[in-house]
Amino acid sequence: MTLMCIPACGEIGLEVHEDTDQLIRVEQGCAVVKMGKCKDNLDFCRNLRRGDAVFVPAGTWHNVSNTGRGALKVTSVYAPPHHPRGTVQHTKADAE
């Protein structure tokens, strides 16, 4: 399980987990999730708000973007686990 804090106008970043199912739940804020079978065709798009969750099957391209004015906080559960226990990862934008 991970907790992510995404700043206003930020996003998780387009990604795919080939062998990992994922459940993403909005804990605070509002967002839009886009998903699809290929990164150039994200044909599923839904608005999310506090308490909403979305299931991302393994092999599905996806991105979550913060559409609110404040921080977006989401929890994500991976099966099997995607990050080792205790991992702290800075945002992709911070790494660039």
# chains A, B, ... in the order shown; residues from 1 in each chain; ligands from 1
$ residues_around --residues "Asp40 of chain A" --least-positions-apart "5" --cutoff "12 Å" --atoms "only C-alpha atoms" --output "PyMOL selection string"
chain A and resi 14-15+34-35+60-62
$ closest_residue --among "A:Ala79, A:Cys9, A:Ile24, A:Cys38" --to "Thr67 of chain A" --atoms "only C-alpha atoms"
A:Cys9
$ select_by_dssp --residues "chain A" --states "helix (DSSP H, G or I)" --output "list in words"
Lys92, Ala93, Asp94 and Ala95 of chain A
$ write_last_selection --atoms "all heavy atoms" --output "short mmCIF file (atom, residue, chain, number, x, y, z; two decimals), in the first residue's frame"
data_model
loop_
_atom_site.label_atom_id
_atom_site.label_comp_id
_atom_site.auth_asym_id
_atom_site.auth_seq_id
_atom_site.Cartn_x
_atom_site.Cartn_y
_atom_site.Cartn_z
N LYS A 92 7.93 12.06 -9.83
CA LYS A 92 8.72 11.99 -11.06
C LYS A 92 9.24 13.37 -11.43
O LYS A 92 10.35 13.51 -11.92
CB LYS A 92 7.88 11.39 -12.19
CG LYS A 92 7.61 9.93 -11.97
CD LYS A 92 6.76 9.36 -13.06
CE LYS A 92 6.46 7.90 -12.75
NZ LYS A 92 5.62 7.28 -13.75
N ALA A 93 8.45 14.41 -11.17
CA ALA A 93 8.87 15.78 -11.48
C ALA A 93 10.08 16.17 -10.64
O ALA A 93 10.97 16.87 -11.11
CB ALA A 93 7.73 16.75 -11.27
N ASP A 94 10.11 15.74 -9.37
CA ASP A 94 11.24 16.06 -8.49
C ASP A 94 12.53 15.38 -8.95
O ASP A 94 13.61 15.87 -8.72
CB ASP A 94 10.95 15.62 -7.05
CG ASP A 94 9.91 16.47 -6.37
OD1 ASP A 94 9.61 17.56 -6.89
OD2 ASP A 94 9.38 16.04 -5.34
N ALA A 95 12.38 14.23 -9.60
CA ALA A 95 13.56 13.47 -10.03
C ALA A 95 14.21 14.06 -11.28
O ALA A 95 15.35 13.77 -11.58
CB ALA A 95 13.15 12.02 -10.30
#
$ residues_around --residues "Tyr78 of chain A" --least-positions-apart "2" --cutoff "12 Å" --atoms "only C-alpha atoms" --output "list of chain:residue names"
A:Met1, A:Thr2, A:Leu3, A:His17, A:Glu18, A:Asp19, A:Thr20, A:Asp21, A:Gln22, A:Leu23, A:Ile24, A:Arg25, A:Phe55, A:Val56, A:Pro57, A:Ala58, A:Thr75, A:Ser76, A:Pro80, A:Pro81, A:His82, A:His83, A:Pro84
$ select_by_dssp --residues "chain A" --states "strand (DSSP E or B)" --output "ChimeraX atom specification"
/A:2-6,11,15,21-28,30-36,38,41,44-49,53-56,61-66,72-79
$ write_last_selection --atoms "C-alpha atoms" --output "PDB file, in the first residue's frame"
ATOM      1  CA  THR A   2       1.277   3.472  -0.822  1.00  0.00           C
ATOM      2  CA  LEU A   3       0.152   7.001  -0.032  1.00  0.00           C
ATOM      3  CA  MET A   4       0.746   9.651  -2.686  1.00  0.00           C
ATOM      4  CA  CYS A   5       0.422  13.418  -2.375  1.00  0.00           C
ATOM      5  CA  ILE A   6       0.097  15.081  -5.772  1.00  0.00           C
ATOM      6  CA  GLU A  11      -0.134  13.960 -11.990  1.00  0.00           C
ATOM      7  CA  GLU A  15       2.523   4.215 -16.463  1.00  0.00           C
ATOM      8  CA  ASP A  21      -3.186  -5.103 -10.343  1.00  0.00           C
ATOM      9  CA  GLN A  22      -3.747  -1.782  -8.599  1.00  0.00           C
ATOM     10  CA  LEU A  23      -6.556  -0.159  -6.621  1.00  0.00           C
ATOM     11  CA  ILE A  24      -6.371   3.641  -6.343  1.00  0.00           C
ATOM     12  CA  ARG A  25      -8.576   5.485  -3.808  1.00  0.00           C
ATOM     13  CA  VAL A  26      -8.917   9.257  -3.437  1.00  0.00           C
ATOM     14  CA  GLU A  27      -8.453  10.257   0.207  1.00  0.00           C
ATOM     15  CA  GLN A  28      -8.496  14.045  -0.343  1.00  0.00           C
ATOM     16  CA  CYS A  30     -10.431  15.594  -6.806  1.00  0.00           C
ATOM     17  CA  ALA A  31      -8.849  13.973  -9.819  1.00  0.00           C
ATOM     18  CA  VAL A  32      -9.334  12.515 -13.248  1.00  0.00           C
ATOM     19  CA  VAL A  33      -8.194   8.994 -14.101  1.00  0.00           C
ATOM     20  CA  LYS A  34      -7.461   7.923 -17.671  1.00  0.00           C
ATOM     21  CA  MET A  35      -6.809   4.301 -18.657  1.00  0.00           C
ATOM     22  CA  GLY A  36      -6.448   2.198 -21.771  1.00  0.00           C
ATOM     23  CA  CYS A  38      -2.175   1.249 -25.033  1.00  0.00           C
ATOM     24  CA  ASN A  41      -5.436   5.370 -26.576  1.00  0.00           C
ATOM     25  CA  PHE A  44     -11.507   5.257 -20.176  1.00  0.00           C
ATOM     26  CA  CYS A  45     -11.818   8.618 -18.392  1.00  0.00           C
ATOM     27  CA  ARG A  46     -13.568   9.309 -15.079  1.00  0.00           C
ATOM     28  CA  ASN A  47     -13.646  12.118 -12.534  1.00  0.00           C
ATOM     29  CA  LEU A  48     -12.870  11.037  -8.983  1.00  0.00           C
ATOM     30  CA  ARG A  49     -13.422  12.705  -5.621  1.00  0.00           C
ATOM     31  CA  ALA A  53     -11.750   4.296  -6.047  1.00  0.00           C
ATOM     32  CA  VAL A  54     -10.745   2.788  -9.369  1.00  0.00           C
ATOM     33  CA  PHE A  55      -9.345  -0.658 -10.180  1.00  0.00           C
ATOM     34  CA  VAL A  56      -6.465  -0.762 -12.675  1.00  0.00           C
ATOM     35  CA  TRP A  61      -1.872   2.105 -19.101  1.00  0.00           C
ATOM     36  CA  HIS A  62      -3.100   4.723 -16.624  1.00  0.00           C
ATOM     37  CA  ASN A  63      -2.591   8.203 -15.246  1.00  0.00           C
ATOM     38  CA  VAL A  64      -4.193  10.131 -12.390  1.00  0.00           C
ATOM     39  CA  SER A  65      -4.184  13.942 -12.563  1.00  0.00           C
ATOM     40  CA  ASN A  66      -5.037  16.402  -9.806  1.00  0.00           C
ATOM     41  CA  LEU A  72      -4.550  15.364  -4.054  1.00  0.00           C
ATOM     42  CA  LYS A  73      -3.968  12.464  -1.667  1.00  0.00           C
ATOM     43  CA  VAL A  74      -4.476   8.942  -2.929  1.00  0.00           C
ATOM     44  CA  THR A  75      -3.802   5.517  -1.508  1.00  0.00           C
ATOM     45  CA  SER A  76      -2.819   2.730  -3.820  1.00  0.00           C
ATOM     46  CA  VAL A  77      -2.862  -0.988  -3.124  1.00  0.00           C
ATOM     47  CA  TYR A  78      -0.777  -3.242  -5.378  1.00  0.00           C
ATOM     48  CA  ALA A  79      -1.090  -6.999  -5.742  1.00  0.00           C
TER      49      ALA A  79
END
$ atom_distance --atom1 "atom CA of Val88 of chain A" --atom2 "atom CA of Gly10 of chain A"
18.2 Å
$ atom_distance --atom1 "atom CA of Gly86 of chain A" --atom2 "atom CA of Gly68 of chain A"
28.3 Å
